[in-house]
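The data block below is work_12.tsv; it holds TSV, C-alpha atoms and all ligand atoms.
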chain	number	residue	atom	x	y	z
A	1	MET	CA	41.63	10.98	16.35
A	2	GLY	CA	41.50	14.33	14.51
A	3	ILE	CA	38.35	16.40	14.57
A	4	PHE	CA	37.29	15.52	11.04
A	5	ASP	CA	37.83	11.81	11.63
A	6	ARG	CA	35.79	12.11	14.75
A	7	ILE	CA	32.93	13.88	12.93
A	8	GLN	CA	33.15	11.30	10.17
A	9	ALA	CA	33.01	8.46	12.72
A	10	GLU	CA	30.00	9.99	14.47
A	11	VAL	CA	28.16	10.49	11.19
A	12	GLU	CA	28.87	6.90	10.14
A	13	GLU	CA	27.75	5.53	13.48
A	14	ARG	CA	24.53	7.51	13.32
A	15	GLU	CA	23.82	6.28	9.80
A	16	ARG	CA	24.39	2.69	10.89
A	17	LYS	CA	21.67	3.14	13.48
A	18	GLU	CA	19.35	5.16	11.30
A	19	GLY	CA	19.56	3.80	7.76
A	20	ILE	CA	20.20	5.86	4.65
A	21	THR	CA	18.54	9.10	3.57
A	22	PRO	CA	17.44	9.48	-0.06
A	23	SER	CA	19.99	12.27	-0.56
A	24	ALA	CA	22.82	9.98	0.60
A	25	LEU	CA	21.89	7.52	-2.19
A	26	LEU	CA	23.29	10.03	-4.67
A	27	ASP	CA	26.78	9.87	-3.17
A	28	LEU	CA	27.21	6.08	-3.07
A	29	PRO	CA	29.80	4.45	-5.35
A	30	PRO	CA	28.15	3.47	-8.67
A	31	GLU	CA	27.85	-0.31	-8.14
A	32	GLN	CA	26.40	0.13	-4.62
A	33	ARG	CA	24.04	2.82	-5.87
A	34	ARG	CA	22.82	0.75	-8.80
A	35	LEU	CA	22.01	-2.19	-6.53
A	36	ILE	CA	20.25	-0.17	-3.83
A	37	ASN	CA	18.31	1.79	-6.50
A	38	HIS	CA	17.08	-1.50	-7.89
A	39	ILE	CA	16.04	-2.82	-4.46
A	40	THR	CA	14.36	0.49	-3.56
A	41	ARG	CA	12.33	0.51	-6.76
A	42	SER	CA	11.41	-3.18	-6.45
A	43	GLY	CA	10.45	-2.92	-2.78
A	44	GLU	CA	12.37	-6.07	-1.90
A	45	GLN	CA	14.75	-8.48	-3.63
A	46	THR	CA	16.73	-11.64	-3.02
A	47	ALA	CA	20.36	-11.74	-4.11
A	48	ALA	CA	19.46	-14.04	-7.02
A	49	GLN	CA	16.65	-11.75	-8.23
A	50	ALA	CA	18.91	-8.68	-8.12
A	51	ALA	CA	21.76	-10.53	-9.84
A	52	SER	CA	19.59	-11.57	-12.76
A	53	ALA	CA	17.81	-8.20	-13.07
A	54	LEU	CA	21.08	-6.26	-13.08
A	55	ASP	CA	23.04	-8.88	-14.97
A	56	VAL	CA	25.82	-8.96	-12.36
A	57	PRO	CA	27.43	-12.19	-11.05
A	58	LEU	CA	25.71	-13.49	-7.92
A	59	GLU	CA	28.91	-13.42	-5.81
A	60	GLU	CA	29.45	-9.76	-6.63
A	61	VAL	CA	25.86	-8.89	-5.75
A	62	GLN	CA	26.14	-10.83	-2.48
A	63	GLU	CA	29.32	-8.97	-1.58
A	64	THR	CA	27.70	-5.57	-2.20
A	65	LEU	CA	24.54	-6.63	-0.32
A	66	ASP	CA	26.65	-7.61	2.71
A	67	LEU	CA	28.47	-4.28	2.58
A	68	LEU	CA	25.23	-2.28	2.37
A	69	ALA	CA	23.63	-4.33	5.15
A	70	GLU	CA	26.70	-3.80	7.34
A	71	LYS	CA	26.36	-0.03	6.81
A	72	GLY	CA	22.73	-0.29	7.92
A	73	TYR	CA	21.38	0.76	4.52
A	74	LEU	CA	19.63	-2.55	3.92
A	75	GLU	CA	17.66	-4.78	6.24
A	76	ARG	CA	17.12	-8.46	5.53
A	77	GLU	CA	14.62	-11.08	6.47
A	78	LYS	CA	14.79	-14.89	6.24
A	79	ARG	CA	12.03	-16.29	4.03
A	80	PRO	CA	11.40	-19.71	2.52
A	81	GLU	CA	13.00	-18.44	-0.73
A	82	GLY	CA	16.09	-17.22	1.17
A	83	TRP	CA	17.22	-13.83	2.50
A	84	VAL	CA	15.14	-10.92	1.22
A	85	TYR	CA	16.63	-7.41	1.25
A	86	ARG	CA	14.86	-4.06	1.67
A	87	THR	CA	16.20	-0.51	1.76
A	88	ARG	CA	16.21	0.96	5.23
A	89	PHE	CA	15.55	4.69	5.13
A	90	GLY	CA	16.44	6.94	8.02
A	91	ARG	CA	14.66	9.81	9.59
A	92	LYS	CA	14.53	13.18	7.93
A	93	ARG	CA	15.95	15.26	10.70
A	94	ALA	CA	14.59	18.59	11.75
A	95	ARG	CA	16.35	21.64	10.41
A	96	GLN	CA	19.16	21.85	12.91
A	97	ILE	CA	22.81	20.98	13.16
A	98	PRO	CA	23.21	17.27	13.99
A	99	VAL	CA	23.92	16.57	17.66
A	100	GLY	CA	26.95	14.45	16.73
A	101	ILE	CA	28.81	17.45	15.34
A	102	TRP	CA	28.47	19.34	18.61
A	103	SER	CA	29.80	16.47	20.67
A	104	ALA	CA	32.70	16.05	18.23
A	105	LEU	CA	33.48	19.75	18.55
A	106	GLY	CA	33.06	19.45	22.33
A	107	GLY	CA	35.60	16.61	22.38
A	108	LYS	CA	38.05	18.71	20.41
A	109	LYS	CA	37.54	21.66	22.69
A	110	GLY	CA	38.17	19.48	25.73
A	111	LYS	CA	41.46	18.31	24.22
A	112	GLN	CA	42.68	21.83	23.58
A	113	GLU	CA	42.07	22.72	27.17
A	114	GLU	CA	44.06	19.77	28.47
B	1	MET	CA	2.49	-4.27	-11.12
B	2	ALA	CA	1.51	-0.70	-10.28
B	3	ARG	CA	3.52	2.11	-11.83
B	4	VAL	CA	4.80	5.03	-9.79
B	5	VAL	CA	4.99	8.35	-11.64
B	6	SER	CA	6.46	11.46	-10.00
B	7	ILE	CA	5.88	14.93	-11.37
B	8	HIS	CA	8.63	17.36	-10.53
B	9	SER	CA	10.19	20.68	-11.47
B	10	PHE	CA	13.28	22.36	-10.13
B	11	ARG	CA	11.53	25.70	-9.79
B	12	GLY	CA	8.05	26.51	-8.52
B	13	GLY	CA	4.92	27.44	-10.42
B	14	THR	CA	5.72	25.45	-13.57
B	15	GLY	CA	2.32	23.70	-13.57
B	16	LYS	CA	3.16	20.44	-11.75
B	17	SER	CA	-0.05	20.25	-9.74
B	18	ASN	CA	-2.26	21.11	-12.72
B	19	ILE	CA	-0.48	18.56	-14.91
B	20	THR	CA	-0.56	15.87	-12.19
B	21	ALA	CA	-4.29	16.27	-11.58
B	22	ASN	CA	-5.11	16.24	-15.29
B	23	LEU	CA	-2.90	13.21	-15.95
B	24	ALA	CA	-4.58	11.38	-13.07
B	25	ALA	CA	-8.04	12.23	-14.42
B	26	LEU	CA	-7.25	10.96	-17.91
B	27	LEU	CA	-5.75	7.72	-16.58
B	28	ALA	CA	-8.81	7.09	-14.38
B	29	LEU	CA	-11.13	7.75	-17.33
B	30	ARG	CA	-9.21	5.09	-19.23
B	31	GLY	CA	-10.22	2.59	-16.58
B	32	GLU	CA	-7.12	2.74	-14.37
B	33	ARG	CA	-7.17	2.84	-10.58
B	34	VAL	CA	-5.18	5.94	-9.71
B	35	GLY	CA	-3.82	7.40	-6.47
B	36	VAL	CA	-2.55	10.98	-6.28
B	37	ILE	CA	-0.41	11.95	-3.32
B	38	ASP	CA	0.53	15.48	-2.36
B	39	THR	CA	4.07	15.29	-1.00
B	40	ASP	CA	4.38	19.07	-1.12
B	41	ILE	CA	4.15	19.15	2.67
B	42	GLN	CA	5.39	22.74	2.88
B	43	SER	CA	2.87	24.21	0.44
B	44	PRO	CA	0.15	21.69	-0.47
B	45	GLY	CA	-2.47	22.56	-3.08
B	46	ILE	CA	-3.50	19.83	-5.51
B	47	HIS	CA	-6.73	19.09	-3.56
B	48	ILE	CA	-8.14	22.37	-4.97
B	49	LEU	CA	-8.04	20.92	-8.50
B	50	PHE	CA	-10.28	18.09	-7.34
B	51	GLY	CA	-12.74	20.52	-5.76
B	52	MET	CA	-11.90	19.44	-2.23
B	53	ASP	CA	-12.74	21.86	0.53
B	54	GLU	CA	-10.41	22.34	3.45
B	55	GLU	CA	-13.35	21.54	5.76
B	56	HIS	CA	-13.80	18.16	4.12
B	57	ILE	CA	-10.23	17.13	4.77
B	58	ASP	CA	-9.97	15.13	7.96
B	59	LYS	CA	-6.91	12.87	8.07
B	60	THR	CA	-3.89	13.88	5.99
B	61	LEU	CA	-0.45	12.59	5.05
B	62	ASN	CA	0.85	14.42	8.13
B	63	ASP	CA	-1.32	12.29	10.46
B	64	TYR	CA	0.04	9.18	8.78
B	65	LEU	CA	3.66	10.33	9.13
B	66	TRP	CA	3.08	10.85	12.86
B	67	GLY	CA	1.70	7.36	13.21
B	68	GLN	CA	-1.81	8.56	14.03
B	69	CYS	CA	-3.60	6.60	11.30
B	70	SER	CA	-2.98	4.20	8.46
B	71	ILE	CA	-2.30	5.58	4.97
B	72	GLU	CA	-5.67	4.32	3.62
B	73	ASP	CA	-7.40	6.57	6.18
B	74	THR	CA	-5.92	9.58	4.36
B	75	ALA	CA	-7.19	8.60	0.89
B	76	TYR	CA	-10.27	10.44	-0.41
B	77	ASP	CA	-12.30	9.28	-3.38
B	78	VAL	CA	-12.41	12.32	-5.69
B	79	GLY	CA	-14.18	10.58	-8.58
B	80	GLU	CA	-17.14	12.98	-8.41
B	81	ARG	CA	-15.13	15.61	-10.26
B	82	LEU	CA	-14.70	13.29	-13.25
B	83	GLY	CA	-18.32	12.19	-13.39
B	84	ARG	CA	-19.27	9.08	-11.44
B	85	ASN	CA	-21.01	7.43	-14.40
B	86	ALA	CA	-18.08	7.91	-16.76
B	87	LEU	CA	-15.72	6.37	-14.20
B	88	ASP	CA	-18.00	3.46	-13.34
B	89	ALA	CA	-18.52	2.70	-17.02
B	90	VAL	CA	-14.81	2.02	-17.47
B	91	GLY	CA	-14.06	0.70	-13.97
B	92	GLY	CA	-11.67	3.55	-13.15
B	93	ALA	CA	-11.09	5.10	-9.73
B	94	ILE	CA	-9.23	8.11	-8.40
B	95	TYR	CA	-8.08	8.80	-4.85
B	96	LEU	CA	-6.32	11.82	-3.39
B	97	ILE	CA	-4.00	11.79	-0.39
B	98	PRO	CA	-3.73	15.43	0.71
B	99	SER	CA	-1.17	17.10	2.96
B	100	SER	CA	-2.31	19.19	5.89
B	101	LEU	CA	-3.17	22.87	5.43
B	102	ARG	CA	-2.98	23.66	9.12
B	103	ALA	CA	-0.04	25.98	9.79
B	104	GLY	CA	0.84	24.19	13.02
B	105	GLU	CA	1.00	20.81	11.30
B	106	ILE	CA	3.15	22.12	8.44
B	107	THR	CA	5.64	23.73	10.80
B	108	ARG	CA	5.71	20.64	13.01
B	109	ILE	CA	7.01	18.56	10.09
B	110	LEU	CA	9.67	21.16	9.33
B	111	ARG	CA	10.62	21.40	12.99
B	112	GLU	CA	10.63	17.74	13.97
B	113	GLY	CA	11.34	15.98	10.69
B	114	TYR	CA	9.75	12.61	9.96
B	115	ASP	CA	10.66	9.05	9.18
B	116	VAL	CA	11.46	8.63	5.49
B	117	GLY	CA	11.01	4.86	5.83
B	118	THR	CA	7.42	5.44	6.99
B	119	LEU	CA	6.73	7.54	3.89
B	120	ASN	CA	8.20	4.81	1.70
B	121	GLU	CA	6.03	2.15	3.37
B	122	GLY	CA	3.05	4.47	2.93
B	123	PHE	CA	3.56	4.54	-0.84
B	124	ARG	CA	3.70	0.74	-0.96
B	125	ASP	CA	0.72	0.24	1.37
B	126	LEU	CA	-1.40	2.63	-0.70
B	127	ILE	CA	-0.72	0.70	-3.88
B	128	ARG	CA	-1.62	-2.57	-2.18
B	129	GLU	CA	-4.64	-1.47	-0.11
B	130	LEU	CA	-6.29	0.55	-2.89
B	131	ASN	CA	-5.23	-1.94	-5.55
B	132	LEU	CA	-3.76	0.88	-7.66
B	133	ASP	CA	-2.55	0.70	-11.24
B	134	TYR	CA	-0.86	4.10	-10.94
B	135	LEU	CA	0.46	6.17	-8.07
B	136	LEU	CA	1.10	9.80	-9.10
B	137	ILE	CA	3.26	11.88	-6.79
B	138	ASP	CA	2.98	15.68	-6.86
B	139	THR	CA	6.17	17.16	-5.40
B	140	HIS	CA	7.55	20.33	-3.87
B	141	PRO	CA	9.83	22.24	-6.28
B	142	GLY	CA	13.57	21.77	-5.86
B	143	LEU	CA	15.24	18.85	-4.17
B	144	ASN	CA	14.42	17.63	-0.67
B	145	GLU	CA	14.25	14.20	0.94
B	146	GLU	CA	10.60	13.49	0.05
B	147	THR	CA	11.22	14.46	-3.56
B	148	LEU	CA	14.37	12.36	-3.76
B	149	LEU	CA	12.54	9.38	-2.26
B	150	SER	CA	9.73	9.77	-4.78
B	151	ILE	CA	12.26	9.89	-7.63
B	152	ALA	CA	14.07	6.85	-6.20
B	153	ILE	CA	10.91	4.73	-6.26
B	154	SER	CA	9.48	6.09	-9.53
B	155	ASP	CA	9.16	4.04	-12.70
B	156	CYS	CA	8.62	7.27	-14.58
B	157	LEU	CA	9.64	10.85	-13.77
B	158	VAL	CA	7.86	13.70	-15.52
B	159	ILE	CA	9.95	16.88	-15.33
B	160	VAL	CA	8.03	20.08	-16.05
B	161	LEU	CA	9.83	23.19	-17.27
B	162	ARG	CA	8.90	26.52	-18.77
B	163	PRO	CA	10.79	28.03	-21.69
B	164	ASP	CA	12.91	30.08	-19.28
B	165	GLN	CA	16.67	30.15	-18.76
B	166	GLN	CA	16.38	29.57	-15.00
B	167	ASP	CA	14.15	26.54	-15.60
B	168	PHE	CA	16.61	25.24	-18.20
B	169	GLN	CA	19.48	25.23	-15.71
B	170	GLY	CA	17.45	23.71	-12.91
B	171	THR	CA	16.16	20.95	-15.18
B	172	ALA	CA	19.74	19.85	-15.86
B	173	VAL	CA	20.13	19.24	-12.11
B	174	THR	CA	16.94	17.19	-11.90
B	175	VAL	CA	17.81	15.12	-14.97
B	176	ASP	CA	21.22	14.36	-13.46
B	177	VAL	CA	19.62	13.24	-10.18
B	178	ALA	CA	17.11	11.05	-12.03
B	179	ARG	CA	19.91	9.37	-13.97
B	180	ARG	CA	21.88	8.72	-10.78
B	181	LEU	CA	18.78	7.14	-9.27
B	182	ASP	CA	18.34	4.96	-12.38
B	183	VAL	CA	14.79	6.12	-13.18
B	184	PRO	CA	13.73	3.87	-16.10
B	185	GLN	CA	11.69	6.53	-17.91
B	186	ILE	CA	12.34	10.28	-17.86
B	187	LEU	CA	9.87	12.50	-19.73
B	188	LEU	CA	10.10	16.25	-20.15
B	189	VAL	CA	7.02	18.45	-20.45
B	190	VAL	CA	7.46	22.05	-21.55
B	191	ASN	CA	4.61	24.16	-20.16
B	192	LYS	CA	3.53	27.76	-20.71
B	193	ALA	CA	5.02	28.07	-24.20
B	194	LEU	CA	4.12	31.39	-25.84
B	195	SER	CA	1.99	31.19	-28.98
B	196	SER	CA	4.63	33.15	-30.88
B	197	TYR	CA	7.20	30.35	-30.39
B	198	ASP	CA	8.06	27.75	-32.97
B	199	LEU	CA	6.95	24.75	-30.89
B	200	ASP	CA	8.80	22.11	-32.96
B	201	ALA	CA	12.05	24.03	-32.72
B	202	LEU	CA	11.55	24.39	-28.95
B	203	ARG	CA	10.89	20.66	-28.60
B	204	ASN	CA	14.03	19.79	-30.58
B	205	GLN	CA	16.15	22.21	-28.62
B	206	VAL	CA	14.99	20.78	-25.26
B	207	GLU	CA	15.37	17.16	-26.40
B	208	SER	CA	18.91	17.67	-27.61
B	209	THR	CA	19.93	19.66	-24.52
B	210	TYR	CA	18.89	16.94	-22.03
B	211	GLU	CA	18.90	13.87	-24.26
B	212	CYS	CA	15.43	13.04	-22.96
B	213	PRO	CA	12.16	12.81	-24.90
B	214	VAL	CA	9.75	15.73	-24.68
B	215	ALA	CA	6.30	14.19	-24.19
B	216	ALA	CA	4.45	17.44	-24.86
B	217	VAL	CA	4.82	21.18	-25.31
B	218	LEU	CA	1.84	22.82	-23.61
B	219	PRO	CA	0.78	26.36	-24.52
B	220	LEU	CA	0.50	29.24	-22.10
B	221	SER	CA	-3.24	29.64	-22.12
B	222	GLU	CA	-5.63	32.21	-20.76
B	223	GLU	CA	-8.43	29.59	-20.65
B	224	VAL	CA	-6.32	27.26	-18.51
B	225	ALA	CA	-5.31	30.10	-16.19
B	226	ALA	CA	-8.98	31.14	-15.93
B	227	LEU	CA	-9.78	27.77	-14.33
B	228	GLN	CA	-7.67	29.10	-11.44
B	229	SER	CA	-6.57	25.55	-10.53
B	230	ALA	CA	-10.14	25.01	-9.32
B	231	ASP	CA	-11.06	22.58	-12.08
B	232	LEU	CA	-9.60	20.09	-14.53
B	233	ALA	CA	-8.81	21.27	-18.06
B	234	VAL	CA	-9.19	17.74	-19.49
B	235	ILE	CA	-12.83	17.73	-18.28
B	236	ARG	CA	-13.79	21.38	-18.84
B	237	LEU	CA	-11.75	22.03	-22.01
B	238	PRO	CA	-11.29	18.55	-23.52
B	239	ASP	CA	-10.40	19.80	-27.02
B	240	HIS	CA	-8.01	22.50	-25.86
B	241	PRO	CA	-4.34	22.12	-26.97
B	242	PHE	CA	-3.37	21.92	-23.27
B	243	SER	CA	-5.66	18.91	-22.77
B	244	LYS	CA	-4.44	17.29	-25.96
B	245	GLY	CA	-0.89	17.74	-24.73
B	246	VAL	CA	-1.72	16.05	-21.42
B	247	LYS	CA	-3.20	13.19	-23.46
B	248	ALA	CA	0.13	12.86	-25.28
B	249	VAL	CA	1.89	12.57	-21.90
B	250	VAL	CA	-0.49	9.75	-20.89
B	251	GLN	CA	0.30	7.97	-24.14
B	252	ALA	CA	4.05	8.31	-23.55
B	253	ILE	CA	3.67	6.88	-20.03
B	254	GLU	CA	1.54	3.99	-21.26
B	255	ALA	CA	3.87	3.27	-24.18
B	256	ALA	CA	6.73	2.55	-21.76
B	257	GLU	CA	4.54	0.14	-19.82
B	258	GLN	CA	3.84	-1.93	-22.92
B	259	GLU	CA	7.55	-2.39	-23.63
C	301	LIG	N1	-0.41	26.12	-19.60
C	301	LIG	C1	-0.82	27.03	-18.73
C	301	LIG	N2	-1.33	28.21	-19.13
C	301	LIG	C2	-1.70	29.15	-18.24
C	301	LIG	N3	-1.63	29.00	-16.93
C	301	LIG	C3	-1.13	27.87	-16.45
C	301	LIG	C4	-0.71	26.81	-17.30
C	301	LIG	N4	-0.27	25.80	-16.54
C	301	LIG	C5	-0.41	26.19	-15.26
C	301	LIG	N5	-0.92	27.45	-15.18
C	301	LIG	C6	-1.18	28.25	-13.98
C	301	LIG	O1	0.07	28.42	-13.33
C	301	LIG	C7	-0.09	28.46	-11.91
C	301	LIG	C8	0.81	27.41	-11.26
C	301	LIG	O2	0.34	26.12	-11.58
C	301	LIG	P1	0.54	24.88	-10.58
C	301	LIG	O3	0.07	25.24	-9.23
C	301	LIG	O4	-0.01	23.70	-11.24
C	301	LIG	O5	2.14	24.84	-10.58
C	301	LIG	P2	3.09	24.04	-9.57
C	301	LIG	O6	4.31	23.72	-10.35
C	301	LIG	O7	2.36	22.93	-8.95
C	301	LIG	O8	3.41	25.14	-8.49
C	301	LIG	P3	4.18	24.90	-7.08
C	301	LIG	O9	5.64	24.79	-7.45
C	301	LIG	O10	3.87	26.13	-6.31
C	301	LIG	O11	3.64	23.63	-6.49
C	301	LIG	C9	-1.57	28.25	-11.66
C	301	LIG	O12	-2.16	29.50	-11.47
C	301	LIG	C10	-2.09	27.62	-12.95
C	301	LIG	O13	-3.42	27.93	-13.20
C	302	MG	MG	2.13	22.36	-6.88
Rewrite the structure of this file - the entire thing - as structure tokens.
Amino acid sequence: MGIFDRIQAEVEERERKEGITPSALLDLPPEQRRLINHITRSGEQTAAQAASALDVPLEEVQETLDLLAEKGYLEREKRPEGWVYRTRFGRKRARQIPVGIWSALGGKKGKQEE
Amino acid sequence: MARVVSIHSFRGGTGKSNITANLAALLALRGERVGVIDTDIQSPGIHILFGMDEEHIDKTLNDYLWGQCSIEDTAYDVGERLGRNALDAVGGAIYLIPSSLRAGEITRILREGYDVGTLNEGFRDLIRELNLDYLLIDTHPGLNEETLLSIAISDCLVIVLRPDQQDFQGTAVTVDVARRLDVPQILLVVNKALSSYDLDALRNQVESTYECPVAAVLPLSEEVAALQSADLAVIRLPDHPFSKGVKAVVQAIEAAEQE
């Protein structure tokens, strides 16, 4: 794996554990962003509620919800009315370079020395 | 349903805190239950407008973010400033959630970061526990995670700008962010307009530049400056053009709610 792939993989793994930051919302693809914006502003939503509010077919909404949940950006809870989704925000990290980048660079350095 | 209104500007010193406090006061005097939260963790200040002494601030937003108390413990009833009788007569209420002024606590947040999810839950808990009709969020200038979160949850974003080329550019950035975060209502407020300006022309120019309504153009005023952010213009100078402008902003916010 090249160094940038490795950094990318570490960043993605960290996000999966930590949720999404508000700044990362801005970079999501439009249909994912629109859905997560709606859930964030509503507090929580079922797939059916989001589909009718956004006027998007239920299957499409469900697909995007699954994708966002898989990335760790949404958390869900089983309720009598069905699965309810909420945005999962991550920590605002201190002002320092993320640990993951150093270990990725460390890995690269190790390779060069081999 | 409570409405969340954030007040933001790309650059500092535009009048955000003064406008936020005056908006909150007018809403409360119209019988609304209002919360005002100072998310300017790096340089808090809106408590001064409500006449709150540093010594009277015990728990702050910082304590909540560190898990040392619940968010309701950081809410202070600042209704005294508006006149208790006037508030009681209409059933309004006003609460302030200040940020810490202790240097060590400010730097700790910058050094260690905090959990954005906790801040988000705090906004929701406040609305529920204090049974709020409005939550007003005073922000730090520019874009950071707390500001972006507040924009992401807002039903209305009030963007304050001065008639200044640097403000004009920065406002374009904020409007773009608000559109990407699907904010349902974006209002512009031009503050500190010189008396020599043609205010209607200025309003038209700003509206056509950003394709957003201008809720008010507020004059640069010596009387407002003389309050030194230690009092509320809408209470002390109710007939002043600044106060009338703030009233127009309240009407614009309420108009969207009725839709
Ligand atoms: N229309 C006005 N006329 C004259 N002075 C004003 C006016 N509006 C605000 N001010 C003054 O401008 C200064 C900055 O106001 P304020 O603190 O509300 O701005 P801010 O945007 O919250 O600043 P910061 O970015 O530092 O948080 C204060 O001294 C205030 O009294
Ligand atoms: Mg301020």
Item to check | Within-8 Å residues of ligand LIG 301 (chain C), basis all atoms listed in the file, as an MDAnalysis selection string | outcome: chainID B and resid 8:9 11:20 40 43:46 138:141 160 191:193 218:229 242
Based on the selection just made, write C-alpha atoms of those residues as a PDB file, keeping the file's coordinate frame.
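For reference, part17.pdb as written:
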ATOM      1  CA  HIS B   8       8.630  17.360 -10.530  1.00  0.00           C
ATOM      2  CA  SER B   9      10.190  20.680 -11.470  1.00  0.00           C
ATOM      3  CA  ARG B  11      11.530  25.700  -9.790  1.00  0.00           C
ATOM      4  CA  GLY B  12       8.050  26.510  -8.520  1.00  0.00           C
ATOM      5  CA  GLY B  13       4.920  27.440 -10.420  1.00  0.00           C
ATOM      6  CA  THR B  14       5.720  25.450 -13.570  1.00  0.00           C
ATOM      7  CA  GLY B  15       2.320  23.700 -13.570  1.00  0.00           C
ATOM      8  CA  LYS B  16       3.160  20.440 -11.750  1.00  0.00           C
ATOM      9  CA  SER B  17      -0.050  20.250  -9.740  1.00  0.00           C
ATOM     10  CA  ASN B  18      -2.260  21.110 -12.720  1.00  0.00           C
ATOM     11  CA  ILE B  19      -0.480  18.560 -14.910  1.00  0.00           C
ATOM     12  CA  THR B  20      -0.560  15.870 -12.190  1.00  0.00           C
ATOM     13  CA  ASP B  40       4.380  19.070  -1.120  1.00  0.00           C
ATOM     14  CA  SER B  43       2.870  24.210   0.440  1.00  0.00           C
ATOM     15  CA  PRO B  44       0.150  21.690  -0.470  1.00  0.00           C
ATOM     16  CA  GLY B  45      -2.470  22.560  -3.080  1.00  0.00           C
ATOM     17  CA  ILE B  46      -3.500  19.830  -5.510  1.00  0.00           C
ATOM     18  CA  ASP B 138       2.980  15.680  -6.860  1.00  0.00           C
ATOM     19  CA  THR B 139       6.170  17.160  -5.400  1.00  0.00           C
ATOM     20  CA  HIS B 140       7.550  20.330  -3.870  1.00  0.00           C
ATOM     21  CA  PRO B 141       9.830  22.240  -6.280  1.00  0.00           C
ATOM     22  CA  VAL B 160       8.030  20.080 -16.050  1.00  0.00           C
ATOM     23  CA  ASN B 191       4.610  24.160 -20.160  1.00  0.00           C
ATOM     24  CA  LYS B 192       3.530  27.760 -20.710  1.00  0.00           C
ATOM     25  CA  ALA B 193       5.020  28.070 -24.200  1.00  0.00           C
ATOM     26  CA  LEU B 218       1.840  22.820 -23.610  1.00  0.00           C
ATOM     27  CA  PRO B 219       0.780  26.360 -24.520  1.00  0.00           C
ATOM     28  CA  LEU B 220       0.500  29.240 -22.100  1.00  0.00           C
ATOM     29  CA  SER B 221      -3.240  29.640 -22.120  1.00  0.00           C
ATOM     30  CA  GLU B 222      -5.630  32.210 -20.760  1.00  0.00           C
ATOM     31  CA  GLU B 223      -8.430  29.590 -20.650  1.00  0.00           C
ATOM     32  CA  VAL B 224      -6.320  27.260 -18.510  1.00  0.00           C
ATOM     33  CA  ALA B 225      -5.310  30.100 -16.190  1.00  0.00           C
ATOM     34  CA  ALA B 226      -8.980  31.140 -15.930  1.00  0.00           C
ATOM     35  CA  LEU B 227      -9.780  27.770 -14.330  1.00  0.00           C
ATOM     36  CA  GLN B 228      -7.670  29.100 -11.440  1.00  0.00           C
ATOM     37  CA  SER B 229      -6.570  25.550 -10.530  1.00  0.00           C
ATOM     38  CA  PHE B 242      -3.370  21.920 -23.270  1.00  0.00           C
TER      39      PHE B 242
END
Item to check | Between CA of Leu25 (chain A) and CA of Ile39 (chain A) - distance in Å to one decimal | outcome: 12.1 Å
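For chain A, the residues within 9 Å of chain B are Gly19, Thr21, Pro22, Ser23, Leu25, Leu26, Pro30, Arg33, Arg34, Asn37, His38, Thr40, Arg41, Ser42, Gly43, Thr87, Arg88, Phe89, Gly90, Arg91, Lys92, Arg93, Ala94, Arg95 and Gln96 of chain A, with all atoms listed in the file used to measure distance.
Between CA of Glu257 (chain B) and CA of Tyr95 (chain B) the interatomic distance comes to 21.4 Å.
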Checklist entry - Which residues, written as number ranges by chain, have at least one atom at most 9 Å from Ala48 (chain A), with all atoms listed in the file counted and residues fewer than 5 positions away on the same chain left out? => result A: 53, 58, 61-62
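Minimum atom-to-atom distance to ligand MG 302 (chain C), evaluated using all atoms listed in the file, belongs to B:Asp38 out of B:Asp38, B:Leu27, B:Ser100, B:Gly92.
You can rank A:Leu65, A:Val84, A:Ile3, A:Ala9 by their closest distance to Gln45 (chain A) using only C-alpha atoms, and at the top of that list sits A:Val84.
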Next on the checklist: Could you list, as an MDAnalysis selection string, every residue within 9 Å of Ile57 (chain B), counting all atoms listed in the file and ignoring same-chain residues fewer than 6 positions away?
Outcome noted: chainID B and resid 74 76 98 100
Go ahead and write the residues just picked, C-alpha atoms, as a PDB file, in the frame of the given file.
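Okay, this is what ended up in part-v4.pdb:
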ATOM      1  CA  THR B  74      -5.920   9.580   4.360  1.00  0.00           C
ATOM      2  CA  TYR B  76     -10.270  10.440  -0.410  1.00  0.00           C
ATOM      3  CA  PRO B  98      -3.730  15.430   0.710  1.00  0.00           C
ATOM      4  CA  SER B 100      -2.310  19.190   5.890  1.00  0.00           C
TER       5      SER B 100
END
Checklist entry - Quick one, how far is CA of Asp164 (chain B) from CA of Asp200 (chain B)? => result 16.4 Å
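The smallest atom-to-atom distance between Tyr73 (chain A) and any of A:Ala47, A:Ile7, A:Ile20, A:Leu54, using only C-alpha atoms, is found for A:Ile20.
Nearest residue to Ile71 (chain B), choosing from B:Asp176, B:Glu105, B:Glu55, B:Asp125 and counting all atoms listed in the file: B:Asp125.
Remark: for Ala252 (chain B), the closest of the candidate residues B:Leu188, B:Ala24, B:Leu82, B:Leu65 is B:Leu188 (distances computed over all atoms listed in the file).
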